[in-house]
Each structure stands twice: as C-alpha cells, then as structure tokens.
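Presented below is the structure to which this report refers.
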4 protein chains.
Amino acid sequence: MAGNSFGTQFRFTTWGESHGPAIGVVVDGVPSKIPLGEADIQNFLDKRRPGQSRYTTQRQEADQVRIMSGVFEGVTTGTPIQLLIENTDQRSKDYRNIADRFRPGHADYTYWKKYGVRDYRGGGRASARETASRVAAGAVARKVLGTRIAIRGALVQIGPHAIDRAGWDWAQTEANPFWCPDAAMAARWAEYLDGVRKAGSSAGAVIEVVASGVPAGLGEPIYDKLDGDLARAMMTINAVKGVEIGAGFAAASLSGEVNGDEMRMRDGKVEFLSNNAGGILGGISTGQDIVVRFVVKPTSSILHPMRTVDSEGNDVEIATHGRHDPCVGIRAVPVGEAMMACVLADHLLRARAIGVDGA
Amino acid sequence: MAGNSFGTQFRFTTWGESHGPAIGVVVDGVPSKIPLGEADIQNFLDKRRPGQSRYTTQRQEADQVRIMSGVFEGVTTGTPIQLLIENTDQRSKDYRNIADRFRPGHADYTYWKKYGVRDYRGGGRASARETASRVAAGAVARKVLGTRIAIRGALVQIGPHAIDRAGWDWAQTEANPFWCPDAAMAARWAEYLDGVRKAGSSAGAVIEVVASGVPAGLGEPIYDKLDGDLARAMMTINAVKGVEIGAGFAAASLSGEVNGDEMRMRDGKVEFLSNNAGGILGGISTGQDIVVRFVVKPTSSILHPMRTVDSEGNDVEIATHGRHDPCVGIRAVPVGEAMMACVLADHLLRARAIGVDGA
Amino acid sequence: MAGNSFGTQFRFTTWGESHGPAIGVVVDGVPSKIPLGEADIQNFLDKRRPGQSRYTTQRQEADQVRIMSGVFEGVTTGTPIQLLIENTDQRSKDYRNIADRFRPGHADYTYWKKYGVRDYRGGGRASARETASRVAAGAVARKVLGTRIAIRGALVQIGPHAIDRAGWDWAQTEANPFWCPDAAMAARWAEYLDGVRKAGSSAGAVIEVVASGVPAGLGEPIYDKLDGDLARAMMTINAVKGVEIGAGFAAASLSGEVNGDEMRMRDGKVEFLSNNAGGILGGISTGQDIVVRFVVKPTSSILHPMRTVDSEGNDVEIATHGRHDPCVGIRAVPVGEAMMACVLADHLLRARAIGVDGA
Amino acid sequence: MAGNSFGTQFRFTTWGESHGPAIGVVVDGVPSKIPLGEADIQNFLDKRRPGQSRYTTQRQEADQVRIMSGVFEGVTTGTPIQLLIENTDQRSKDYRNIADRFRPGHADYTYWKKYGVRDYRGGGRASARETASRVAAGAVARKVLGTRIAIRGALVQIGPHAIDRAGWDWAQTEANPFWCPDAAMAARWAEYLDGVRKAGSSAGAVIEVVASGVPAGLGEPIYDKLDGDLARAMMTINAVKGVEIGAGFAAASLSGEVNGDEMRMRDGKVEFLSNNAGGILGGISTGQDIVVRFVVKPTSSILHPMRTVDSEGNDVEIATHGRHDPCVGIRAVPVGEAMMACVLADHLLRARAIGVDGA
C-alpha cells in the first residue's frame with residue numbers, strides 16, 4: 001500500500017524531494033470554520049528552518065508556505081488543505097560525486113535496493129527536508145486541537161551529555177539554539193558541537209515532547225492505541241532509532257509499586273501523584289501530560305571518510321562534503337512537536353466520533 | 001476509526017475479552033495454497049501459555065485453537081482465516097472486589113473514562129489474554145514468510161538485571177523459563193523473581209526480537225516505514241513503554257563515524273561491518289538482521305497496597321489478589337516475535353505488489 | 001490489501017464459508033453503552049433465513065447468532081463485537097459432482113483462476129451464506145443509528161415484472177414472501193416463479209431500500225461520498241450488477257429543470273418538492289429519504305444444462321442439482337437494508353467526528 | 001475519516017477548488033522505473049479540457065500539468081507523484097449573485113448544511129473541475145497497467161436518445177465532439193443539444209467504459225470486489241446517479257440460462273460465448289472485457305429559473321448565468337476512463353502482492 005499518508009480522521013499526505021521544484025502536504029479531514037492563515041503555519045516552519053545557527057545545515061531555504069486549497073475567506077472549509085513550499089536553494093551538483101556510492105548509515109543504499117533508481121540529490125525523498133511538510137501539517141493540527149492543548153519540545157541530550165532535569169526551565173528552550181531547557185548544558189553543548197563539526201563528525205540527540213491539557217479518553221485500543229500511534233509517528237522521523245513514553249526504558253528497573261502512578265481526589269478531580277505512565281494507560285490518555293522521548297542518531301553525511309561500496313559493486317571510500325547538520329536532532333524538536341500535534345488531532349476527532357466525554 | 005486491526009495486505013483483527021466465552025482473530029490477506037493446520041498455530045500458543053512456571057500467572061488455559069475458516073483440505077484458500085480460542089478458566093469472582101476501584105498503572109481507569117462502562121473481569125479487553133490472538137496471527141504470518149526468514153526472541157533484562165551480551169547463546173532461551181540467552185543470568189533472575197513475588201511486588205523487563213533472512217527492500221517510506229510499523233506493533237503490546245531499533249537510545253552517544261555501519265563487498269555481496277542500524281535504514285530493510293528491543297513495565301496488579309480512587313470519587317486503597325504475572329515481560333517474548341512476523345509478512349506482500357527484487 | 005472489511009469508523013469484517021463449521025463477523029468501532037442482545041440481531045437474521053417459502057433455497061439453517069465479545073451486562077463496551085453463526089445443514093456431497101467444473105455466471109471460475117484452489121462446497125466463500133454476517137452487522141448498525149432513522153426494503157421487480165409504484169404499500173411487504181409492496185404483483189410473481197422453478201431456471205430482481213430520518217450532512221466528499229459508499233456496499237452483495245440512487249438511470253432522459261428538486265420553506269424548514277436526487281447531493285445527504293435501488297441477476301446454479309469447461313480444460317456440460325434459490329433477489333432485501341444501515345452508521349460517526357450539526 | 005483519497009496500493013488524493021490558485025493530485029504507490037513525462041498526462045487532460053466545442057462550458061483552461069515530485073530523469077522513483085494544474089480562467093464574480101442561494105439539484109445546499117461555510121465560487125470543491133485531477137491520476141494509472149490493457153469510453157445516450165449498439169464503431173468516438181460510437185446518432189445529438197442550450201436547459205447522459213486485456217483474477221472479495229470498487233469509483237464522479245456492470249439492470253429480466261455466460265475451450269484457452277457478466281464474476285475479473293456503464297444527470301446550473309431557498313431561509317428563485325455544460329456527461333467520458341484505469345491499477349498491484357498468475 002501507498003505509504004506517504006499518516007492518520008485517519010485527521011490525515012495528511014506528504015510529497016516532494018529535497019531538490020525538486022517544491023515539497024508539500026495535503027491535510028485532509030480538518031473540520032470546517034477553523035480560522036487559518038499562512039502566518040499560522042509560517043510561524044512553525046520558521047522554527048524548523050535550517051541555517052539559523054552554525055549548528056545546523058547552512059542550506060538557506062525561505063520555507064515560504066502557500067495555502068493552495070481548503071481555506072476560504074480566512075477559515076477552513078472542510079476540504080483538503082494543500083500546503084506548498086518551494087525549494088529555492090538546491091545545489092544539486094554537490095551530490096554528483098556521491099551519486100553512485102552509498103553513505104554508511106544513510107537511506108541511499110536501501111532506496112537503491114528497493115526502487116532500483118534513486119534521486120541522489122540531497123537525499124531525494126529520504127532527506128530531512130520532508131520534515132518541513134510535517135511541521136506544516138502540525139501547525140494545522142494545533143488549530144484543530146485549540147488552545148487548551150499545549151505542545152512543547154526540548155532537546156534533553158546531545159552526544160553523551162544529558163541535561164540536569166532538576167533545572168528544567170521551559171523558558172530557556174527559546175533562549176538558545178538547541179531548544180535546551182537547561183542553560184548550563186546549552187553552553188556545554190555549544191562547545192561540544194564545535195568540536196564535532198571541526199572533526200568532520202556528527203552527534204546524536206534525545207528529544208522530549210510534552211503535551212498538556214489533553215483530555216482523558218484519547219486512543220483506540222488495541223492496535224490504534226495512542227502510544228502505538230505516537231511511537232510510529234516519531235519513529236518515522238528521519239534518523240530516529242527509539243521512542244519511549246513516560247518512564248520508558250527506565251521502567252524495567254522499577255518495582256510495580258513505584259511504577260504505578262497512585263491517585264487521589266483533589267477538588268473533586270482525580271490527581272495522579274506521579275507520571276511514570278507518561279499520560280497513557282492501556283493506550284488511552286489519562287488526562288496527565290503526554291510525555292514522549294525519542295532518539296536521533298548522528299547524521300550519516302559526514303566529512304570523516306568511511307568505507308563503503310558503490311552501485312557497481314566496488315569497495316570505495318566516501319566523505320560527504322555538502323551542507324549538513326552536525327546534530328540533526330536539533331531541528332527534530334519542532335518536527336516531534338508537529339507529529340505529537342497530528343496524532344492528538346487525529347485521536348481527538350476519533351474520540352468525538354464515538355462520543356467520548358470532553359473530547 | 002475502529003482500532004482493532006493491524007496491517008494492510010496481511011491484516012488481522014482481534015476480538016474478545018479475558019472472561020468472555022472466547023477470544024480470537026481474523027487474519028485477512030493471506031495468499032492461497034499455503035499449507036496450514038491447527039498444529040502450526042498451537043505450537044506457538046503453547047509457548048505463550050500461562051501457568052507453565054511459577055514466574056507467570058497460575059491461570060490454567062488450554063489455549064486450544066480452532067481454524068474456523070479460510071483453510072480447505074489443508075491449505076489456505078485466500079479467504080479470511082478465523083482462529084478461535086475458548087476461555088476455560090475464568091474466575092470472575094476474583095475481580096468483584098476491585099470492580100469499582102482503579103489499579104494504579106492499569107488501564108482500568110482509562111477504559112472507564114473513555115467508555116463509561118468496563119468489563120472489570122480480569123481486565124476485560126485490556127487483559128494480556130488478548131496477546132494469545134496476536135500469537136495465533138503471528139503463526140500464520142510465519143507461514144507467509146516461509147522458512148528463509150527466522151524470528152527469535154529473548155529476554156535481556158529483568159528488573160535492574162541485564163544479561164551479559166558477550167555470552168549470548170540462543171540455545172539457552174529454550175532451556176530456562178525466561179527465554180534468557182545467558183544461563184548465569186537466568187539463575188539470578190529466578191532468585192530475584194522469587195523475592196519479588198514474595199514481596200507482593202512485580203518487575204519490569206526488556207525483550208529483544210531478531211529477524212534473520214529478511215530481504216533488503218521491505219518498508220514503505222515515509223509513513224509506513226518498517227521501523228515505524230515495528231514501533232507501533234510493539235508499543236501496542238500490553239505494558240510496553242518503549243521501543244528501539246538496533247543501537248537505539250545508545251545511538252545518541254555515538255559519533256557519526258562509529259554509528260554508520262560500513263560496507264564491503266564479500267563474495268559478490270554487500271556485507272555490513274556492524275549493525276547499529278538494526279537492519280533498517282530510511283525505514284527500509286537492509287538485508288541485515290532486524291533487531292528490535294522493547295521494555296515492559298512491571299505488572300500493575302500487585303498485592304502491595306496502593307493509594308487510588310474509586311468510580312464514586314472516593315480515596316481508597318487497593319491490593320490485587322487474583323492470579324498475576326510477577327513479570328509479565330516473560331510471556332511477552334512470543335508476543336513480540338509474533339508482532340515481528342506480522343509486520344514482516346505485511347511488508348513482504350506490499351513489496352511484492354510493487355515488484356521489489358527478492359521479496 | 002485484505003478485502004473482507006467494510007467501513008472506517010463503524011467497520012466490520014466477515015469470515016467463513018458456506019460449509020465450514022461457522023460463519024461470522026467482527027463489528028468494530030461501535031460506541032459504548034448501547035443496549036444490545038442476541039434477540040436484537042436474531043430478529044433480522046430470521047428475516048433473511050432460507051427455507052421460509054418455496055421461493056427460496058430449502059437449506060434449513062437455524063442461523064442462531066451468538067455474541068462472543070464486546071457486550072457486558074447488556075450494553076456495548078466499545079470493544080469489538082464478534083457475532084458467530086454455526087453452519088448446521090451442510091450437505092457437501094451435493095457438490096462433489098460439480099467440484100471440477102464451472103457454473104456459467106458463477107464465481108467458481110474466477111476463484112479458481114485467482115486462488116488456484118477453491119472450496120467447492122456450496123460456493124465456499126462466494127456463497128450467499130456470507131450475507132447472514134452482513135445482516136448481523138446491520139442489526140448492530142441500526143442500534144448505532146437509533147430509532148429516528150428507519151430503514152426499509154422492498155422487491156420492486158422480478159424477472160420482467162415490475163410493481164406498480166402508484167400502489168406502493170409498505171405494510172404489504174410483511175404480508176407476502178417477496179417483500180412486495182404491491183399485493184397484486186405479489187400474486188403474479190408467485191405464479192411466475194413457480195414456472196421458473198419447474199423449468200429449472202431462475203429469475204433476476206430489483207430491490208429498493210429507503211432510509212428515512214437521515215440528517216443532512218452525512219457523506220465525505222470527494223471519494224467517500226455517501227452514494228459512492230452505498231454503491232460499493234450494494235455492488236458487493238452476491239449477484240448484484242447495478243446500483244442507482246433516486247431517479248437513477250432514468251435521470252438521463254430528464255431535463256435539468258425537471259430533475260432538479262426544487263425547494264421551499266415550510267414551517268421554518270427546507271422542504272424539497274421532489275426527490276430525484278434520492279436524498280443525496282454532491283455525495284452528502286440532504287435530509288430527504290435516501291433511496292437506493294440495485295439489481296440482482298438470476299441465480300447461476302440452475303438445473304438447466306449449460307455448456308462450460310472443467311478445471312482440466314475439457315468442454316463439458318453442467319446442471320446444478322443442490323438446493324438453490326430460483327430468485328436469490330428475494331433474500332437480498334434484508335441484506336440491502338443491512339448494508340444501508342452499515343453505511344449510514346459509519347457516516348453518522350464520521351460526521352460526529354467533524355462536528356456536523358444534527359449528526 | 002478524511003475522504004479525498006482513492007485506492008490502496010495505487011492511491012491518489014485530490015485537492016483544490018474551482019476558483020483557488022490551483023488544483024492537483026498526489027499519486028502514491030506507483031512502482032519505480034516507469035517512464036513518465038508531463039506529455040503522457042497532458043494528452044489525457046486535453047481530451048477532458050472544457051471549451052473545445054459549443055456543447056461544453058466556455059471556460060478556457062489551459063489545464064497545463066506540472067510534475068512536482070516522484071519522477072527523476074524521466075522515470076518514476078517509487079515516491080509520491082504530485083501533479084499540479086493551475087487555475088487560470090476564474091471569473092468568480094459570476095457567482096456573487098448566487099452566493100447565498102442554492103441551485104436545485106446542486107451540492108450547494110449540502111455543503112452548506114455539512115460545513116456551515118462554502119466556497120461559492122464555481123462550486124468550489126464540488127465543481128466538475130476536480131475531475132481534471134482524476135484524469136491526471138488516470139494517466140499515471142495507465143502507465144502502471146502497461147500497453148496490454150486498453151481502456152476506452154463512449155457516450156451511449158444523451159437525453160432520451162440512445163445509440164444503436166449494432167452500429168458501434170470505436171473510430172467514430174474520435175470523430176465527433178460527443179465520443180459517440182454511432183455517427184448517425186452524433187448528428188442527432190448535435191441538433192438536440194442546440195435546442196437544449198437555447199432553452200436554457202440541460203440534458204443527462206449515459207457513458208460506457210470498456211477495459212480490454214485485463215487478466216483474470218483482479219478483485220479482492222468480499223468487500224473490495226472489482227465491481228464494488230468500480231461502482232464506488234464511478235458514483236463519486238460529479239452528477240453520477242447510477243452504475244451498472246455488463247447486462248446491468250437488464251439482467252433482472254433475463255433467465256438464468258440466458259444470463260450465464262457459457263464457456264468453451266478454444267486454442268487451449270477458455271472462451272466465453274457472451275459477456276453479460278461484464279467481465280466480472282464474484283467480484284473478480286474473468287479475463288473478458290470489463291464493461292461499466294454510468295448515468296450522469298442533467299447539469300443543475302441552468303438558465304431556466306427554479307424555485308429554491310436562500311441561506312437566510314427565504315423562498316427565492318434562481319437562474320444560473322455562468323458558463324456551464326448543457327450536458328456535463330460529455331466531459332465525463334475521459335473521467336470514467338481515468339477512474340477505470342485507477343481501479344485496475346490498484347487491483348493489479350494488489351493481485352501481484354498475493355501472487356495471482358498473470359497479474
């Protein structure tokens with residue numbers, strides 16, 4: 001089956017390659033009468049845009065979005081919303097010299113094995129450029145969710161350096177080029193990444209995305225559980241190799257009585273005394289914050305020479321010279337937020353279909 | 001949308017509650033002319049069956065499967081295959097006393113919030129009993145995959161105790177009640193779990209599932225990537241809180257040149273010099289082993305008393321007396337294998353649809 | 001993709017062959033807290049049941065339905081509802097002599113070409129027996145729709161004999177074995193079908209299904225239009241060769257000003273002055289009655305000898321002796337009603353998801 | 001669920017309104033390495049283009065298609081293909097005066113009831129302009145089908161005037177502005193439609209689409225039968241009110257022995273002696289020509305004044321002045337061909353997935 005769509009009630013389909021004329025996304029299933037303008041979307045695209053610090057690729061893309069359909073006189077009409085972003089700064093010739101050899105750790109090889117042909121320019125469809133379409137879709141999803149649901153992301157680890165969670169300050173994520181909630185760690189990362197870049201290497205990262213104000217009751221067990229859909233959503237982002245919810249892998253080491261989030265009534269409402277569940281039990285939201293973490297591996301396009309093969313079956317070496325992110329995880333923060341928004345919008349509409357209270 | 005189906009070309013739908021008359025699964029999209037008998041399925045159900053050691057629930061279920069449709073004269077006919085398993089050992093009265101209060105860390109609360117009604121007997125639909133249906137579907141999936149693709153699972157951590165990977169021996173997984181590939185660690189887990197059980201507590205675990213012989217080219221980017229589907233597949237298993245592929249979360253700390261799996265030609269074929277990718281690049285299989293790991297939180301049904309609320313909004317305590325797994329992760333091993341088989345069968349058929357070589 | 005499911009929010013999957021141990025259907029996506037018992041379903045199965053007059057097959061099936069899951073203490077729980085019907089009167093040996101030859105006009109040939117194997121007993125999966133599962137699903141759908149939406153079907157033509165629409169009386173449909181709303185025509189059909197049966201022949205029919213009380217706004221353009229889904233729903237019923245909405249094929253001959261249903265306000269509500277649209281414009285319900293008609297070809301299993309080939313590639317003759325319907329269209333009436341109910345239930349829930357007024 | 005997609009393995013999603021900046025379609029699931037250029041698509045768009053005779057709307061649209069993605073160096077890459085067509089001749093002011101009143105027989109009313117807002121310019125999303133996107137998708141589908149499968153359409157009835165099938169000549173369909181296979185009738189239609197146009201009225205039509213060279217075995221019973229999908233495909237085309245396969249509604253009057261297509265071996269192959277089945281039995285292709293017919297109602301946008309209501313709830317009259325097709329059925333011929341191509345491409349790929357011989 002065709003694989004470029006995500007969601008059911010709120011469903012989007014992305015298209016476009018890194019070095020084609022444009023990329024874009026059709027968002028289908030959006031309820032009518034929601035105010036939506038290009039500025040609402042541009043705002044989030046600007047956060048993801050490359051070339052904003054020396055820690056991300058120096059490709060310069062305006063990433064100007066155009067609403068091509070689905071909006072009339074400032075509001076959604078219930079028809080599909082096509083969002084189009086032109087590619088303006090393609091330097092395809094950068095890629096000629098690697099057109100017939102495969103970057104270790106890159107989708108080069110598998111696209112060629114699967115399709116027998118590949119658009120080698122900038123990674124083609126496998127490029128992180130596709131994530132701009134996700135961010136655009138996510139901006140529409142936020143409109144569907146409304147203002148009671150807030151979604152925020154942060155970078156919590158670069159290379160071996162994890163933040164001190166005790167010092168978490170959301171305000172800091174807007175104050176440094178890393179979306180880092182820990183000011184001290186941001187400074188350390190800057191230094192660390194300068195070294196990585198100079199060495200022609202790259203670094204991995206861990207991103208955390210938190211959604212607040214999500215009503216209880218979202219998620220459709222058994223196979224469309226909220227956490228199942230979030231895991232798929234995050235894992236499909238470029239270079240992601242793991243996803244966890246709440247306590248995640250650390251839950252293996254907890255005892256049942258420590259892991260289970262106890263409950264008490266407070267002011268007539270249920271209050272949880274901890275959130276190891278990350279806001280999801282049995283695949284359904286509890287009403288607590290939804291907490292998702294995912295790991296982004298280090299970029300495979302690096303200057304450091306690597307052993308590989310070419311499409312003719314020769315042993316060769318490769319070093320990638322183009323403009324690349326030393327830590328692609330940085331730009332993954334707004335992408336993770338967008339995917340969270342899309343999953344929640346889909347499940348909010350699905351919950352409404354079956355009459356879930358508060359959805 | 002209805003949420004009890006998984007897969008597209010190879011699609012299954014499960015149904016049934018822990019204490020209803022039966023549970024089962026319809027497997028749709030299976031090619032015709034594949035030999036299939038009840039013994040092929042029973043074999044895998046027997047591995048998952050509870051009550052086989054003192055480390056799993058003492059509920060005694062024969063888990064006898066019946067093929068109700070889709071097979072004629074010993075081969076599949078291309079029509080849907082209904083597999084039915086009767087429930088025989090339900091002790092619903094065990095659950096009366098917790099019918100109106102919520103186990104911390106359990107789906108009790110969220111089912112009640114979402115549906116406004118719940119089948120409290122043994123967890124109803126949220127019970128791990130549903131995973132028997134997955135195992136049955138997985139047995140059919142293995143038939144679709146054929147003998148060149150082998151899928152094996154192992155338990156690699158219980159509580160804080162992880163195995164020594166250097167001593168990995170697949171043969172050991174059949175020799176102890178934990179699917180543990182490390183004989184020394186199996187002995188230690190036995191002792192540890194005895195303590196956990198006596199304390200009325202429970203322990204988490206990490207499972208690793210490996211598929212060998214998978215051809216390159218499976219997975220449909222961008223949103224139906226192989227790893228995206230595996231992440232969803234595993235995350236929907238009861239109590240799973242995290243999924244990772246290959247190096248997983250450890251990739252955050254690796255440099256690009258260490259993480260990227262280098263390639264060399266050997267005997268006319270591409271050979272990878274490592275497998276940090278876990279057999280998947282760009283969401284497409286590379287031809288290497290597919291390696292997936294997932295974490296199962298400690299069981300929430302424990303004797304240890306916990307603070308909670310009831311459906312009337314009172315602060316209460318709860319201690320669960322029924323028959324429960326001190327480490328539900330043990331029985332998750334065959335379930336993880338089954339989900340791997342189902343995802344691969346689906347993607348194998350999808351790859352054939354578009355003419356991928358070797359699929 | 002697996003093809004045995006229908007619907008999205010309200011989705012059902014049928015399974016089972018004519019001569020296997022049982023047939024059934026899983027209904028997924030049903031909202032919780034709806035009262036549902038076996039009697040609610042049995043009522044509709046009894047209407048479809050064969051052997052109730054000499055004009056339908058003499059196979060005697062109790063068609064006793066069992067609810068296997070999804071209902072607890074008399075109400076739906078929001079989990080999948082498995083409905084199981086045992087096969088009790090299979091005379092498979094009737095079919096031995098046609099096991100290797102193909103009935104002209106029957107799915108025998110195409111199943112064999114597609115799957116390379118076929119369950120020849122009673123048509124296997126292609127048997128009209130499968131429609132019992134649809135009727136069961138339809139009974140659940142009616143519960144979702146509630147009492148404001150009424151669905152009724154009638155037979156309006158058998159062979160060349162069409163009813164006089166001027167004399168339409170719904171009460172008559174319960175008073176003769178043909179669901180005929182025209183008492184005079186019912187008598188004529190009885191005589192006509194006796195002749196058909198004695199001649200070892202069969203007759204076609206046209207069924208009309210009408211849904212009243214459907215709110216405006218159901219249907220999801222452009223590809224999930226309400227009429228598109230109804231067309232698919234009816235065309236998948238055994239032996240159906242055409243579907244039309246409202247004026248249908250007769251609309252070709254109408255002028256624009258005659259065909260367009262004019263509107264006037266009456267008592268503050270919009271009233272249509274005619275219903276050529278059959279209650280659907282632009283794929284969305286108007287609030288008028290939904291009117292669908294479909295044609296059922298004459299049964300292909302007839303005594304009359306026909307020229308055909310066998311699976312070895314020989315020219316042969318075939319005459320089918322089993323127990324067959326001289327006019328399978330009669331039993332298609334409750335099936336058409338059921339499919340209408342399922343389509344409407346699906347679209348009602350979908351309309352709720354996006355906040356359509358009155359849905 | 002979002003409703004603007006069609007197909008599973010070969011899936012397309014259309015977007016765009018009549019008077020927005022552009023319309024388009026994303027085609028997903030196309031196998032790689034298929035030669036595809038804009039000219040391949042333009043060829044079919046030119047056939048559908050309005051303003052080519054006085055019998056269709058005088059709107060002048062270049063309908064120039066651009067391939068925005070999915071094709072590299074002249075061949076498909078396996079990634080989604082975005083096809084974009086700019087709108088150039090929008091005269092939105094033509095519609096101001098009907099912006100608040102509803103054309104009888106038009107989707108105006110139902111869009112307003114469903115969405116509470118509507119893009120009144122030229123019908124917005126409900127405009128027949130959307131069918132250009134279908135034609136573009138259909139051109140891609142034909143490439144997937146290859147040259148052995150040929151798809152042709154013809155107009156067989158306008159108003160009450162049906163062609164003489166005995167004089168069917170495919171060559172004639174290219175020789176008159178009606179795709180009429182009967183030269184004598186084409187002349188009569190010309191005269192008839194001149195009268196219709198002068199009267200400010202409109203006429204309905206019946207279209208027949210035939211696919212030759214389709215292998216046996218396409219179609220996925222029970223709910224994704226080939227005829228079920230064709231029925232849905234055609235019924236979703238603007239103004240279609242009925243669909244039939246092969247003998248269609250006429251089958252009601254045939255006896256079983258006349259309706260069943262007898263078979264004989266000829267030159268080692270099965271030959272059918274008639275084609276009442278229209279090439280489909282049990283929802284699966286037989287290898288004969290696939291024959292589908294559908295009816296298009298007369299255009300609802302007519303000069304003739306009609307009684308209606310406005311959005312304020314007043315009784316008013318309406319007469320539509322814009323540029324409209326007196327018989328929209330004419331331009332539906334290439335659209336019907338395109339939908340046939342898309343359905344067959346989808347089922348061809350699905351048949352390959354499960355290993356159907358010859359697919």
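Identifiers for the structure tokens are assigned positionally: chains receive A, B, ... in sequence, residues are indexed from 1 per chain, and ligands are indexed from 1 in the order shown.
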Quick one: which residues from chain C are at most 9 Å off chain A, using only C-alpha atoms, as JSON, numbers by chain?
{"C": [1, 8, 9, 29, 30, 31, 32, 78, 79, 220, 221, 222, 348, 349, 350, 351, 352, 353, 354, 355, 356]}
Which parts of segment 28-227 of chain C does DSSP call strand (DSSP E) when run on the backbone here, written out as number ranges by chain?
C: 28, 65-67, 71-72, 75-76, 81-86, 150-158, 161-162, 205-212
Using only C-alpha atoms, the residue out of C:Gly204, C:Gly24, C:Gly16, C:Gly228 with shortest distance to Ser127 of chain C is C:Gly16
Residues within 6 Å of Ala139 of chain C, only C-alpha atoms, excluding chain neighbours under 3 positions, as a list in words
Ile41, Ala136 and Arg142 of chain C
Export N, CA and C atoms of the chosen residues as a PDB file, in the first residue's frame?
ATOM      1  N   ILE C  41     -30.399  -9.023  17.170  1.00  0.00           N
ATOM      2  CA  ILE C  41     -29.765  -9.445  15.918  1.00  0.00           C
ATOM      3  C   ILE C  41     -30.562 -10.576  15.282  1.00  0.00           C
ATOM      4  N   ALA C 136     -26.265  -9.544  10.312  1.00  0.00           N
ATOM      5  CA  ALA C 136     -25.932  -9.418  11.735  1.00  0.00           C
ATOM      6  C   ALA C 136     -25.265  -8.077  12.012  1.00  0.00           C
ATOM      7  N   ARG C 142     -28.057  -0.626  13.107  1.00  0.00           N
ATOM      8  CA  ARG C 142     -29.340   0.014  13.413  1.00  0.00           C
ATOM      9  C   ARG C 142     -29.362   0.533  14.848  1.00  0.00           C
TER      10      ARG C 142
END
For Asp89 of chain C, please output as a count of residues only all residues within 10 Å (counting only C-alpha atoms; exclusion window: fewer than 5 positions along the same chain).
6
